[in-house]
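Colleague: Take this structure first; my questions come after.
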Amino acid sequence: MRRKLLALGFLVLFGAGLIPFQAHLAQEAKLAHFRKTALDLGLREQIGQMGFLAALSGFRSPLAAILWIQAHSAWENTAWGRMAGLFDTVTTLQPRSLLYWDMASWHMAWNASVAAMQDTKQPSEALRIRAQRQYFELGRSFLERGIRNNPDRHELYLQMAILLRDKFEDHCGSAAMFEKAAAFPDAPSYTRRFAAYEMAKCPGRENEAYQTLKKLHVEGEKQRLPTLINLLREMEKKLDIPLEERIQQP
Amino acid sequence: MRSSGCAEGVGKKPCDSKPDKQKMRPLRFCVRTTRATAKDSHPLRSRRKDAKIVREENSNISSPFASSRLCVRTLQFPGKEAHARLGARWEPKACHVEHDQLTKESVTNVVGQFVTHVSVHTMTPLRSTIAISWNTFTELVRMKVFYFLLIFALLIIGNSAFVANLSFQEQFQMLKDISLGAMSVFTSLLAILATANFLPKDMEDRTIYTILAKPVPRFSYLLGKLMGIFLLLALATLTMTCLFLLVLWLREQGEIGMLRAQLAGAPPEQIAAGMKEISGVFNINLLPGIMIVFIKAAVLASLTLLLSTFSTSALFTTLMAVAVYFIGHLQATAREYWQAGSDVSWLASLLSKSVALVFPDLQAFNFVDDVIAGTAVPLALFLKTAALGGLYVAVYFSLAAFIFSDREL
């Protein structure tokens with residue numbers, strides 16, 4: 001018995017000595033974007049007691065996968081409300097998984113919004129448009145939360161830029177998002193072009209757009225796509241650029 | 001002098017023959033009576049020439065748990081008193097002892113005309129630990145614990161049926177989520193169940209009494225058992241990793257083949273972009289995540305060992321270890337709660353402090369969930385986490401050995 005008590009005493013002392021190191025390690029992990037899942041009461045309400053227990057015991061990713069498959073079944077049955085709830089849980093469980101944020105946003109902003117607009121059970125067009133906008137907002141909300149959880153990745157900035165461009169027609173916001181995505185070294189080369197295209201449509205940024213488009217044009221053949229050349233010519237006319245400074249005609 | 005415990009299995013063999021190094025052979029010894037030869041290099045050679053070797057015994061004890069060699073030589077000096085110093089330098093050549101590997105204890109006994117030299121060469125604790133760990137590993141393998149790998153294989157291959165309608169990115173995500181999550185849980189369960197079982201089982205089978213009756217320290221016994229379990233966990237993790245990577249690679253190749261067929265005739269840039277998306281499925285960061293899964297299982301095994309040193313049944317140990325597993329995942333929350341210094345009741349405060357001090361932080365070893373999502377593991381973080389795991393293993397094992405050294409069996 002004496003030895004057991006001694007062992008327990010040592011264990012407590014060891015635990016006390018380890019706390020600063022554990023806190024330091026937790027801090028370092030957070031800086032490296034690990035363990036961002038908020039295992040709180042809100043999540044417990046979403047996934048139930050058993051799911052919460054599984055999430056606590058390192059079974060978070062399989063649980064997210066199972067819920068994602070359920071969400072896919074809900075999509076096949078066009079149960080949009082259930083889908084949104086499941087996506088919310090999945091993204092909470094796996095906040096670092098870009099695919100979940102991206103797909104959740106896409107389903108809401110593209111599929112659910114179109115379905116809401118074509119809802120034959122809703123005779124009022126105003127209400128259909130309202131529902132559609134709510135789904136757009138839901139899609140944006142997923143991407144915003146995704147970006148907050150993954151500020152070190154370009155993919156969600158890119159998706160947000162596309163969403164703002166196609167669904168909200170917010171070209172200034174879209175340009176800003178494309179620019180943020182383009183700042184990442186691993187971003188695709190088209191991101192910079194797209195940023196310039198959106199900038200050209202953003203009131204007050206035309207000059208900046210022209211300069212960016214020209215810079216891209218100078219870079220070489222790879223950037224000289226028909227859309228870029230046409231837009232550049234349009235901007236030259238719009239901004240009344242002197243002829244000698246304009247790009248050469250083919 | 002250490003007890004040799006060499007009282008069983010008798011077989012004749014010439015004294016000067018080389019001893020067999022195989023572990024599972026029964027005890028051999030030989031008895032020879034001869035005269036001392038002029039080759040004897042002892043300074044008192046003149047006196048030893050007269051001596052008659054009346055008994056020379058070379059016993060080789062080999063078992064999975066210990067290896068000792070007992071050399072006994074009795075010299076008779078006619079008409080004279082034997083000299084005690086004579087035996088002090090005697091080296092039993094017939095034993096062929098590998099001195100770098102074995103410890104040696106010699107005793108010389110002088111009775112009248114007779115001098116008896118007894119030299120016991122015992123296996124070092126390291127060698128006995130290795131023997132026990134290998135024995136534990138083979139025993140666990142024979143218990144067919146690897147059957148769980150079949151379930152793992154079914155899980156990762158069978159999940160295709162559920163995800164057939166999903167996009168290929170989603171399919172890969174599901175495969176990684178389910179496989180790595182299952183790997184983490186299976187290794188943890190294996191660590192707990194295999195460790196919780198061995199001490200009660202050895203006591204029930206009475207194997208522990210046979211082992212500890214040999215010159216094997218309790219420390220070596222426990223260490224050997226733990227090492228055997230680590231070996232099993234390492235092999236299980238390695239097998240699951242290979243299986244997972246194989247399935248991932250096959251699926252990846254299938255997708256690449258399909259993409260090539262679909263994009264036949266498309267510009268090379270387009271094909272390259274598609275290939276990049278598919279070939280990015282395997283992420284090298286998965287490997288440090290998997291290594292941390294093994295370290296977590298090793299921590300759980302040593303913790304279960306500590307619990308089993310004072311528990312009386314495998315069931316109790318298993319239940320306790322499972323409870324600690326869950327609480328251990330909450331340790332970080334309890335620690336943060338305590339450190340935040342929130343205005344809470346004394347009971348809640350005491351509870352959070354107890355959890356933070358007594359239980360290990362198992363959440364610190366939970367890399368897999370984030371690694372699947374593509375988060376890179378910084379080297380410093382990986383090394384520090386591995387060091388934390390090593391520290392837990394060392395402390396839990398030391399405490400287990402401390403308690404077990406005094407335990408009545």
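Convention: chains lettered A, B, ... in structure tokens order; per-chain residue numbering from 1; ligands numbered from 1 as shown.
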Report the closest atom pair, with its distance in Å rounded to one decimal, for each residue of chain B that has an atom no farther than 7 Å from chain A; count only C-alpha atoms, sort by chain and then rising residue number, and write it as a tab-separated table.
Modeller:
residue	atom	partner	partner_atom	distance
B:Met174	CA	A:Ala65	CA	5.4
B:Asp177	CA	A:Ser61	CA	4.9
B:Ile178	CA	A:Pro62	CA	4.5
B:Gly181	CA	A:Pro62	CA	5.6
B:Phe326	CA	A:Ser57	CA	5.8
B:His329	CA	A:Leu56	CA	6.2
B:Leu357	CA	A:Gly15	CA	4.3
B:Val358	CA	A:Val12	CA	5.4
B:Asn366	CA	A:Gly58	CA	6.5
B:Asp369	CA	A:Ser61	CA	5.5
B:Asp370	CA	A:Phe34	CA	6.0
B:Ala373	CA	A:Ser97	CA	4.2
B:Leu381	CA	A:Glu28	CA	6.9
B:Leu399	CA	A:Ala7	CA	6.0
B:Ile403	CA	A:Arg3	CA	6.0
Colleague: Give me a file of those residues, with C-alpha atoms, as a compact mmCIF listing (two decimals), in the first residue's frame.
Modeller:
# COMPACT_ATOMS: atom_id res chain seq x y z
CA MET B 174 -13.67 9.06 -46.88
CA ASP B 177 -10.94 9.47 -42.68
CA ILE B 178 -12.12 5.93 -42.06
CA GLY B 181 -9.42 6.82 -37.65
CA PHE B 326 -11.52 8.81 -22.43
CA HIS B 329 -8.58 12.94 -24.12
CA LEU B 357 -2.32 16.18 -12.69
CA VAL B 358 -3.00 12.46 -12.73
CA ASN B 366 -4.20 13.24 -31.85
CA ASP B 369 -7.64 14.10 -37.78
CA ASP B 370 -5.76 17.20 -38.87
CA ALA B 373 -7.14 17.39 -43.82
CA LEU B 381 6.12 19.67 -32.88
CA LEU B 399 6.15 3.17 -11.49
CA ILE B 403 4.92 -1.42 -7.50
Colleague: Can you list, as a PyMOL selection string, every protein, DNA or RNA residue that comes within 8 Å of stretch 213-215 of chain A when you count only C-alpha atoms, leaving out same-chain residues fewer than 6 positions away?
Modeller: chain A and resi 193+196+228+232
Colleague: Compile the contact shell of stretch 111-119 of chain A as a ChimeraX atom specification: residues with an atom at most 7 Å away, counting only C-alpha atoms, same-chain residues fewer than 5 positions apart removed.
Modeller: /A:80,128-129,131-132,135-136
Colleague: Find, counting only C-alpha atoms, the residue in B:Thr375, B:Ala386, B:Ala401, B:Gly328 that gets nearest to B:Pro217.
Modeller: B:Ala401
Colleague: Would you mind writing down, as an NGL selection string, each residue of stretch 22-239 of chain A that DSSP on the backbone assigns to helix (DSSP H, G or I)?
Modeller: :A and (22-31 or 41-56 or 60-76 or 80-93 or 98-117 or 125-149 or 155-168 or 171-182 or 190-200 or 206-219 or 221-223 or 226-238)
Colleague: Using only C-alpha atoms, which residue out of B:Pro288, B:Ala264, B:Leu383, B:Glu170 lies closest to A:Ala104?
Modeller: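 So, comparing all the options, the nearest one is B:Glu170.
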Colleague: Between atom CA of B:Leu126 and atom CA of B:Asn197, measure the distance and give it in Å to one decimal.
Modeller: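 That distance, rounded to one decimal, is 23.7 Å.
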Colleague: From the set B:Thr136, B:Gln339, B:Thr187, B:Thr312, which residue has the shortest atom-to-atom contact distance to B:Ala234, counting only C-alpha atoms?
Modeller: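 Ranking B:Thr136, B:Gln339, B:Thr187, B:Thr312 by distance to B:Ala234, first place goes to B:Thr187.
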Colleague: Write out as a list in words the residues lying within 12 Å of B:Ile256, counting only C-alpha atoms and excluding same-chain residues fewer than 2 positions away.
Modeller: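 Here the qualifying residues turn out to be Phe168, Trp249, Leu250, Arg251, Glu252, Gln253, Gly254, Met258, Leu259, Arg260, Ala261, Gln262, Leu263, Ala264, Ile271, Ala272, Ala273, Gly274, Met275, Lys276, Glu277, Ile278, Ser279, Gly280 and Val281 of chain B.
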Colleague: Report, in Å to a single decimal, how far apart atom CA of A:Thr212 and atom CA of A:Gln159 are.
Modeller: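 Rounded to one decimal, the two atoms are 21.4 Å apart.
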